[in-house]
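This report refers to the structure that appears directly beneath it.
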Amino acid sequence: MGDKTDVWQGTLALMVLRTLEVLGPLHGYGLARRIEQTSGDLLQLNYGTLYPALLKLEQEGSIRSRWGLSENNRRAKYYELTRAGQKQLKKAAAEWEQTTTILARFLRPASET
Amino acid sequence: MRRLRAFAFRILGLFDRHPAEDDFAAELESHIALHMDDGIRAGLTPEEARRQALIRLGGAEQTRQAHRERRLFPWMDSLLQDTRYGWRTLRKNPSFTITTVLTLALGIGACTAIFSILNAVVLRSLPYGDPERLVYVLTPNPHLGANVPIEAFGPSYADFFDIQRQTHSFAEMTTFEQTYFNLTSQSGAVPIGAARVDGNFFSTLQSFPEIGRAILAGDNHIGHSHVVVISHALWQSMFAKSPQVLGKFLRLDRQSYQVIGVMSPEFGYPHSLDFPPGVGSGYGAQTDVWIPLALTPQQRAGRDNASGYALGRLKPGVSMAQARMEMSTIMARLDLLHSPELRGWGGYVQPLRESSIGPLRKLMWLLLGAVVCVLLIACGNAANLLLARAAARTHELGVRITLGAAKGRIVRQLLTESLLLGVSAGIVGIAIAYLFLHGLLRMDPGNIPRLDEASIDGRVLLFTLITSVLTSIAFGVLPAFVAARPNTIEFLKSGGSRGSIGRSSRIRNSLVIAELAFVVSLLAGAGLLLRSYAKVASVKTGFLPSTISMSVSPDAQYGTRAQRFALLRNLLGKIEAIPGVESAGVINALPLSGSESLARLSVDGDANAKDQPVNARSITPGYFSAMGIPLLRGRFFEEGDVDDAPSVIIVNHAFASKYFGGRDPVGHRIRTSGPDDPWETVVGVVGDVHHSSLEAPALPETYEPLWQKDIDGSAVVVRSTLPPDSLGPSLRTALRQVDPNLAFSGIETMAQLTAQARAKRRFQTTLLTLFAAMAMLLGAVGINGVLAYTVQQRSAEIGVRIALGASRAGVLGLILLQGLRVAALGLLLGLGGAAVLTRVLSASLFEVSRFDPITFLAVPAVLLLVVIGACLVPALRAASIDPMRTLRAE
């Protein structure tokens with residue numbers, strides 16, 4: 001559905017940036033696992049959908065990538081937050097907070113309105 | 001800034017495809033490996049772990065594809081999404097979709113049809129090599145009358161060859177004559193259009209035969225000149241496109257010509273439509289055979305009489321102005337070599353294109369303008385439909401905006417929907433255009449060159465595409481921005497159902513007002529043209545419409561005058577013997593047939609009337625009676641008016657008024673030839689006829705007895721009580737009995753010729769009226785839609801009114817008044833526009849003023865009727881609202 005994917009891509013980007021901010025550089029697989037965990041396993045995502053989102057963020061300059069070695073000595077591509085990415089994260093998070101606050105007011109039980 | 005970076009990456013991505021793909025392939029492999037490690041650690045086998053990894057990934061190939069798309073065409077998935085979503089939405093509302101698509105298709109289809117005509121007639125290059133550099137070489141002489149079209153002044157042969165020697169402006173020049181032959185074969189004789197051309201003809205036009213060779217300089221020597229190049233159409237009809245056609249013989253006017261070449265299908269120069277009316281031979285639309293000009297030395301030296309035309313191809317770098325200046329200079333010298341009786345020959349060049357297209361451009365642009373108005377009205381309706389729907393979608397869109405979708409995204413989505421509608425309308429429009437063209441070509445006015453070549457080709461399809469896209473933007477932009485306003489609070493406050501009706505209903509009303517203004521302008525234009533056409537149709541031609549006419553031309557066999565006269569006398573005798581025939585006559589230039597004959601007039605005793613140009617005709621005694629032209633004074637010609645008898649002449653009423661004031665011209669003497677020729681005594685005055693055009697006043701004309709002059713090609717006219725279908729065969733038989741090698745060209749009634757003379761005006765009027773009707777229909781639909789929507793929105797309010805005691809009639813009146821208010825504003829605006837726009841039409845009006853009161857009264861009346869009709873249904877629906885139901889639904 002049009003709007004669902006829109007919203008989804010926006011929130012996924014937000015999740016990626018936040019995760020990278022908290023945990024530092026991660027590779028694609030690690031990010032996917034981490035996001036799953038953080039959502040309390042409520043989110044069941046196809047790991048593959050992460051990669052276009054990562055590409056978009058990289059094209060926009062919010063993250064950068066480089067090849068490195070994982071814990072078990074595997075070659076993997078690591079992503080980390082840039083300074084621009086940090087600013088983007090702060091801005092998106094603030095917008096999201098505002099929307100949920102407004103909605104929360106409306107969706108309060110009727111008697112309180 | 002982010003976007004700019006992303007954009008730069010995208011562009012770079014287009015260039016270094018493989019490294020990026022390989023890089024990602026490696027990343028994907030590494031992802032799967034890492035996942036497999038976890039799986040193995042959890043106790044799975046390597047194969048099982050790999051399978052799990054691929055499943056959780058969602059498929060390696062899909063991921064690669066998604067990554068590639070994002071790398072190269074990130075806008076593609078949102079475009080695809082939008083398109084799919086839009087398509088689904090449109091399918092869910094079939095009535096809206098179909099209405100909108102049909103409305104737009106009507107506008108786009110009409111535009112496409114007119115554009116394809118414009119393309120064929122004006123835009124496409126003429127089918128000759130380098131057509132922009134082709135010009136007529138002319139030697140106009142102002143003493144020969146201001147009304148003569150300049151293309152009639154082809155140079156005499158002596159002038160032509162001198163110009164050819166002295167000019168520096170032309171790469172090549174050629175001269176040619178138009179004529180017509182009787183082509184005889186087993187099936188009988190058939191007239192065909194022909195051109196006698198010199199050795200440079202085909203190379204000047206840069207058009208060469210498909211098969212065989214062109215006529216060259218060597219063919220113009222007497223004795224070697226019986227060769228012919230034939231047209232593609234003739235090759236098809238006479239030789240069934242046989243490849244062995246070269247070397248075969250054709251009999252033209254009883255002489256054999258050997259076929260040396262066949263032209264390609266689109267070459268038919270000189271086409272009669274390449275000349276303005278009155279110039280060029282009146283026979284035959286296109287040339288089917290080209291033979292060598294083969295001038296004798298006397299003909300080459302002839303300076304004072306011109307019977308042909310000359311074409312030149314400008315050298316590259318030579319401008320029209322330079323060529324004209326050079327021509328004037330050369331002719332200033334050559335003028336002195338002309339006979340002192342008539343000097344004043346100048347030099348001029350006229351682009352070939354101008355002659356055939358010039359007069360048409362105005363018509364074409366007029367039609368295009370009208371049809372664009374129709375399209376704009378259709379866009380207005382579509383925009384209104386979209387606005388109405390946008391108001392209904394406020395809920396859906398509001399949710400999306402609240403959830404964070406960017407306004408730009410929503411606008412893009414809505415514009416994509418508009419594009420889908422527009423492109424679908426374009427496709428349906430092409431089908432409509434095709435049908436439209438068929439109908440138009442059926443109505444062929446006959447004198448618009450290349451009209452029959454109008455087709456839907458690549459350029460036209462491109463035009464349709466561009467029009468569809470522009471149309472989509474035109475009608476989609478406004479509703480998209482109106483709908484996408486992120487007025488979250490207001491949306492949530494109103495419970496998501498009402499949106500801002502007030503603002504958008506004002507926009508909708510304004511759109512309808514603008515539409516109606518266009519409708520009024522088109523109606524006014526159509527009305528003026530209709531009135532003009534009615535006036536033209538009621539012009540008295542001066543002759544009987546039922547008289548039948550046909551052309552016959554004695555060929556070279558009839559070498560002496562006596563032989564020609566014998567032929568005609570014989571023929572006339574046989575024709576008059578046919579039962580049902582009342583009278584028959586012959587004339588050398590039939591009215592309304594595109595042929596003309598001029599002479600130099602002098603009036604005995606009037607010093608001012610010396611060497612004036614005048615239309616001069618040669619006729620047999622039966623002519624006037626056959627044409628039904630009345631005798632006003634004196635007598636008709638009789639059989640006694642032959643060579644040895646005194647030279648006599650008859651004039652028409654216009655002549656008598658111009659040269660004799662109120663006096664009786666009978667008995668006076670005039671002369672239509674040189675000073676060495678005898679004076680002719682006027683013996684009669686006859687009624688006027690319209691010779692060259694129905695719309696110009698009748699000109700002075702003189703008639704001389706054919707038996708005292710000579711004939712060239714001529715037209716026979718027959719008056720009878722029989723209809724042409726039954727008379728035709730008898731006439732052909734009569735001619736066959738006299739000489740089976742001759743043919744009549746085209747047997748027509750004078751009524752048919754008259755209708756042909758009106759054909760272009762009829763075409764113009766019909767099309768404009770059609771467009772005005774379409775516009776009116778669309779406007780009616782528009783105002784109906786807007787009013788219906790208003791009624792629906794205000795149904796609660798109306799319910800309250802009725803509940804509070806308002807009468808049904810009162811409600812009807814209220815709604816009707818609202819519609820009328822919109823119509824009145826549209827009318828006012830439209831009348832103002834019409835007053836300005838009808839200036840464009842003023843050249844096409846006939847005896848009707850630009851501010852013709854009848855038209856400007858009829859237009860508002862028609863509009864009023866249509867608007868009331870359109871508003872009736874919603875008004876009635878409003879009047880029948882059940883207040884209980886509407887109030888409960890609140």
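Just remember, in the structure tokens the first chain shown is A, the second B, etc., residues are 1-based per chain, and ligands are 1-based in the order shown.
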
Which residues are near Arg885 of chain B? Cut-off 12 Å, only C-alpha atoms, ignore same chain within fewer than 6 positions. Put them as a list in words.
Ser795, Ala796, Ile798, Gly799, Val800, Ile802 and Ala803 of chain B

Compute the chain A side of the contact with chain B at 10 Å, counting only C-alpha atoms, and hand it back as a count of residues only.
53

Would you list the contacts of segment 249-265 of chain B as a PyMOL selection string, taking every protein, DNA or RNA residue within 7 Å and counting only C-alpha atoms, but skipping same-chain residues closer than 6 positions in sequence?
chain B and resi 181-184+208-214+226-233+555-556

Once you have the residues from the selection above, write them out as a compact mmCIF listing (two decimals), in the first residue's frame, restricted to N, CA, C and O atoms.
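Writing done, so here's selection_22.txt:
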```txt
# COMPACT_ATOMS: atom_id res chain seq x y z
N PHE B 181 -4.41 16.23 -72.20
CA PHE B 181 -4.44 15.36 -73.35
C PHE B 181 -5.59 14.39 -73.26
O PHE B 181 -6.11 14.10 -72.18
N ASN B 182 -5.94 13.86 -74.42
CA ASN B 182 -6.86 12.73 -74.45
C ASN B 182 -6.01 11.47 -74.54
O ASN B 182 -5.29 11.26 -75.51
N LEU B 183 -6.08 10.67 -73.52
CA LEU B 183 -5.33 9.43 -73.49
C LEU B 183 -6.23 8.34 -74.02
O LEU B 183 -7.31 8.09 -73.48
N THR B 184 -5.83 7.71 -75.12
CA THR B 184 -6.70 6.70 -75.70
C THR B 184 -6.12 5.33 -75.47
O THR B 184 -4.92 5.10 -75.53
N PHE B 208 13.21 12.87 -58.75
CA PHE B 208 13.54 12.05 -59.91
C PHE B 208 12.69 10.80 -59.94
O PHE B 208 12.18 10.37 -58.93
N PRO B 209 12.50 10.24 -61.14
CA PRO B 209 11.63 9.06 -61.24
C PRO B 209 12.16 7.90 -60.42
O PRO B 209 13.36 7.72 -60.26
N GLU B 210 11.21 7.12 -59.93
CA GLU B 210 11.50 5.92 -59.19
C GLU B 210 12.09 4.87 -60.11
O GLU B 210 12.98 4.11 -59.76
N ILE B 211 11.50 4.83 -61.30
CA ILE B 211 11.94 3.86 -62.30
C ILE B 211 12.34 4.64 -63.54
O ILE B 211 11.65 5.60 -63.91
N GLY B 212 13.38 4.23 -64.19
CA GLY B 212 13.73 4.88 -65.45
C GLY B 212 14.39 6.22 -65.23
O GLY B 212 15.02 6.47 -64.21
N ARG B 213 14.23 7.13 -66.21
CA ARG B 213 14.94 8.40 -66.14
C ARG B 213 13.99 9.57 -66.32
O ARG B 213 12.87 9.42 -66.75
N ALA B 214 14.52 10.76 -66.01
CA ALA B 214 13.74 11.99 -66.15
C ALA B 214 13.89 12.53 -67.55
O ALA B 214 14.69 12.06 -68.34
N HIS B 226 9.18 12.61 -78.36
CA HIS B 226 7.98 11.84 -78.02
C HIS B 226 8.25 10.81 -76.94
O HIS B 226 8.06 9.62 -77.11
N VAL B 227 8.72 11.34 -75.83
CA VAL B 227 8.92 10.48 -74.66
C VAL B 227 8.05 11.03 -73.54
O VAL B 227 7.64 12.19 -73.57
N VAL B 228 7.77 10.19 -72.56
CA VAL B 228 6.88 10.63 -71.49
C VAL B 228 7.30 9.99 -70.16
O VAL B 228 7.73 8.84 -70.12
N VAL B 229 7.20 10.78 -69.11
CA VAL B 229 7.34 10.25 -67.75
C VAL B 229 5.93 10.20 -67.18
O VAL B 229 5.16 11.16 -67.32
N ILE B 230 5.59 9.07 -66.58
CA ILE B 230 4.22 8.96 -66.08
C ILE B 230 4.18 8.98 -64.55
O ILE B 230 5.19 8.72 -63.89
N SER B 231 2.99 9.26 -64.03
CA SER B 231 2.85 9.31 -62.58
C SER B 231 2.66 7.90 -62.03
O SER B 231 2.32 6.97 -62.76
N HIS B 232 2.85 7.80 -60.72
CA HIS B 232 2.70 6.51 -60.06
C HIS B 232 1.28 5.99 -60.23
O HIS B 232 1.05 4.80 -60.49
N ALA B 233 0.32 6.90 -60.10
CA ALA B 233 -1.09 6.48 -60.19
C ALA B 233 -1.40 5.95 -61.58
O ALA B 233 -2.12 4.96 -61.73
N ASP B 555 -7.76 17.73 -80.14
CA ASP B 555 -6.32 17.48 -80.05
C ASP B 555 -5.61 17.93 -81.34
O ASP B 555 -6.20 18.57 -82.21
N ALA B 556 -4.35 17.55 -81.47
CA ALA B 556 -3.53 18.05 -82.57
C ALA B 556 -4.09 17.63 -83.93
O ALA B 556 -3.76 18.22 -84.95
```

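Neighbours of Glu21 of chain A closer than or equal to 10 Å, with only C-alpha atoms counted and sequence neighbours fewer than 2 positions away skipped, come out as Met15, Val16, Leu17, Arg18, Thr19, Leu23, Gly24, Pro25, Glu80, Leu81, Thr82, Gly85, Gln86 and Leu89 of chain A.
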
Mind giving me the straight-line distance from atom CA of Glu341 of chain B to atom CA of Ala616 of chain B in Å, one decimal?
19.0 Å

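Atom CA of Tyr348 of chain B lies 5.9 Å from atom CA of Met327 of chain B.
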
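Interatomic distance, atom CA of Gln164 of chain B to atom CA of Ile291 of chain B: 21.2 Å.
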
If you run DSSP on this backbone, which residues of segment 684-761 of chain B come out as helix (DSSP H, G or I), and could you give them as a PyMOL selection string?
chain B and resi 706-708+724-738+750-757+759-761

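When the distance limit is 6 Å and only C-alpha atoms are what count, the residues near segment 385-392 of chain B, minus those fewer than 2 positions from it on the same chain, are Ala382, Ala383, Thr394, Pro479 and Ala483 of chain B.
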
Please dump the current selection as a tab-separated table (two decimals), in the first residue's frame; keep N, CA and C atoms.
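Dumped to result31.tsv:
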```tsv
chain	number	residue	atom	x	y	z
B	382	ALA	N	-12.59	18.42	-16.17
B	382	ALA	CA	-11.82	17.39	-15.48
B	382	ALA	C	-11.32	17.91	-14.14
B	383	ALA	N	-10.86	19.16	-14.12
B	383	ALA	CA	-10.38	19.73	-12.87
B	383	ALA	C	-11.50	19.78	-11.84
B	394	THR	N	-10.68	13.67	1.46
B	394	THR	CA	-9.96	14.39	2.50
B	394	THR	C	-9.61	13.47	3.67
B	479	PRO	N	-6.23	20.84	-8.36
B	479	PRO	CA	-6.83	19.95	-7.37
B	479	PRO	C	-5.79	19.28	-6.47
B	483	ALA	N	-5.97	19.66	-2.53
B	483	ALA	CA	-6.24	18.49	-1.71
B	483	ALA	C	-5.14	18.21	-0.70
```

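Remark: for Arg303 of chain B, the closest of the candidate residues B:Leu336, B:Leu522, B:Val190, B:Ala158 is B:Ala158 (distances computed over only C-alpha atoms).
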
Backbone-only DSSP, strand (DSSP E or B) members of segment 59-110 of chain A, as a JSON list (two decimals) with N, CA, C and O atoms, in the first residue's frame:
```json
[["chain", "number", "residue", "atom", "x", "y", "z"],
["A", 63, "ILE", "N", 24.99, 8.38, 6.64],
["A", 63, "ILE", "CA", 25.90, 7.34, 7.15],
["A", 63, "ILE", "C", 27.03, 7.15, 6.15],
["A", 63, "ILE", "O", 26.94, 7.59, 5.01],
["A", 64, "ARG", "N", 28.11, 6.55, 6.60],
["A", 64, "ARG", "CA", 29.17, 6.18, 5.65],
["A", 64, "ARG", "C", 29.56, 4.73, 5.88],
["A", 64, "ARG", "O", 29.27, 4.16, 6.93],
["A", 65, "SER", "N", 30.17, 4.15, 4.85],
["A", 65, "SER", "CA", 30.47, 2.72, 4.96],
["A", 65, "SER", "C", 31.95, 2.44, 4.69],
["A", 65, "SER", "O", 32.63, 3.21, 4.01],
["A", 66, "ARG", "N", 32.44, 1.36, 5.25],
["A", 66, "ARG", "CA", 33.78, 0.88, 4.90],
["A", 66, "ARG", "C", 33.84, -0.60, 5.21],
["A", 66, "ARG", "O", 33.14, -1.12, 6.07],
["A", 67, "TRP", "N", 34.71, -1.27, 4.46],
["A", 67, "TRP", "CA", 34.89, -2.71, 4.69],
["A", 67, "TRP", "C", 35.78, -2.92, 5.91],
["A", 67, "TRP", "O", 36.74, -2.20, 6.14],
["A", 68, "GLY", "N", 35.38, -3.95, 6.70],
["A", 68, "GLY", "CA", 36.21, -4.26, 7.88],
["A", 68, "GLY", "C", 36.12, -5.74, 8.23],
["A", 68, "GLY", "O", 35.60, -6.54, 7.45],
["A", 69, "LEU", "N", 36.62, -6.08, 9.39],
["A", 69, "LEU", "CA", 36.59, -7.48, 9.83],
["A", 69, "LEU", "C", 35.62, -7.63, 11.00],
["A", 69, "LEU", "O", 35.60, -6.81, 11.92],
["A", 75, "ARG", "N", 34.99, -10.85, 6.49],
["A", 75, "ARG", "CA", 34.96, -9.52, 5.86],
["A", 75, "ARG", "C", 33.51, -9.06, 5.83],
["A", 75, "ARG", "O", 32.63, -9.78, 5.38],
["A", 76, "ALA", "N", 33.27, -7.85, 6.33],
["A", 76, "ALA", "CA", 31.90, -7.32, 6.31],
["A", 76, "ALA", "C", 31.95, -5.81, 6.12],
["A", 76, "ALA", "O", 32.95, -5.15, 6.46],
["A", 77, "LYS", "N", 30.86, -5.25, 5.57],
["A", 77, "LYS", "CA", 30.80, -3.81, 5.34],
["A", 77, "LYS", "C", 30.15, -3.15, 6.55],
["A", 77, "LYS", "O", 29.01, -3.46, 6.88],
["A", 78, "TYR", "N", 30.87, -2.23, 7.18],
["A", 78, "TYR", "CA", 30.37, -1.56, 8.37],
["A", 78, "TYR", "C", 29.82, -0.18, 8.05],
["A", 78, "TYR", "O", 30.36, 0.54, 7.22],
["A", 79, "TYR", "N", 28.71, 0.17, 8.74],
["A", 79, "TYR", "CA", 28.12, 1.50, 8.54],
["A", 79, "TYR", "C", 28.26, 2.29, 9.83],
["A", 79, "TYR", "O", 28.08, 1.74, 10.91],
["A", 80, "GLU", "N", 28.57, 3.58, 9.72],
["A", 80, "GLU", "CA", 28.57, 4.41, 10.91],
["A", 80, "GLU", "C", 27.92, 5.77, 10.63],
["A", 80, "GLU", "O", 27.85, 6.21, 9.48],
["A", 81, "LEU", "N", 27.48, 6.39, 11.73],
["A", 81, "LEU", "CA", 26.76, 7.65, 11.63],
["A", 81, "LEU", "C", 27.72, 8.78, 11.31],
["A", 81, "LEU", "O", 28.80, 8.86, 11.87]]
```
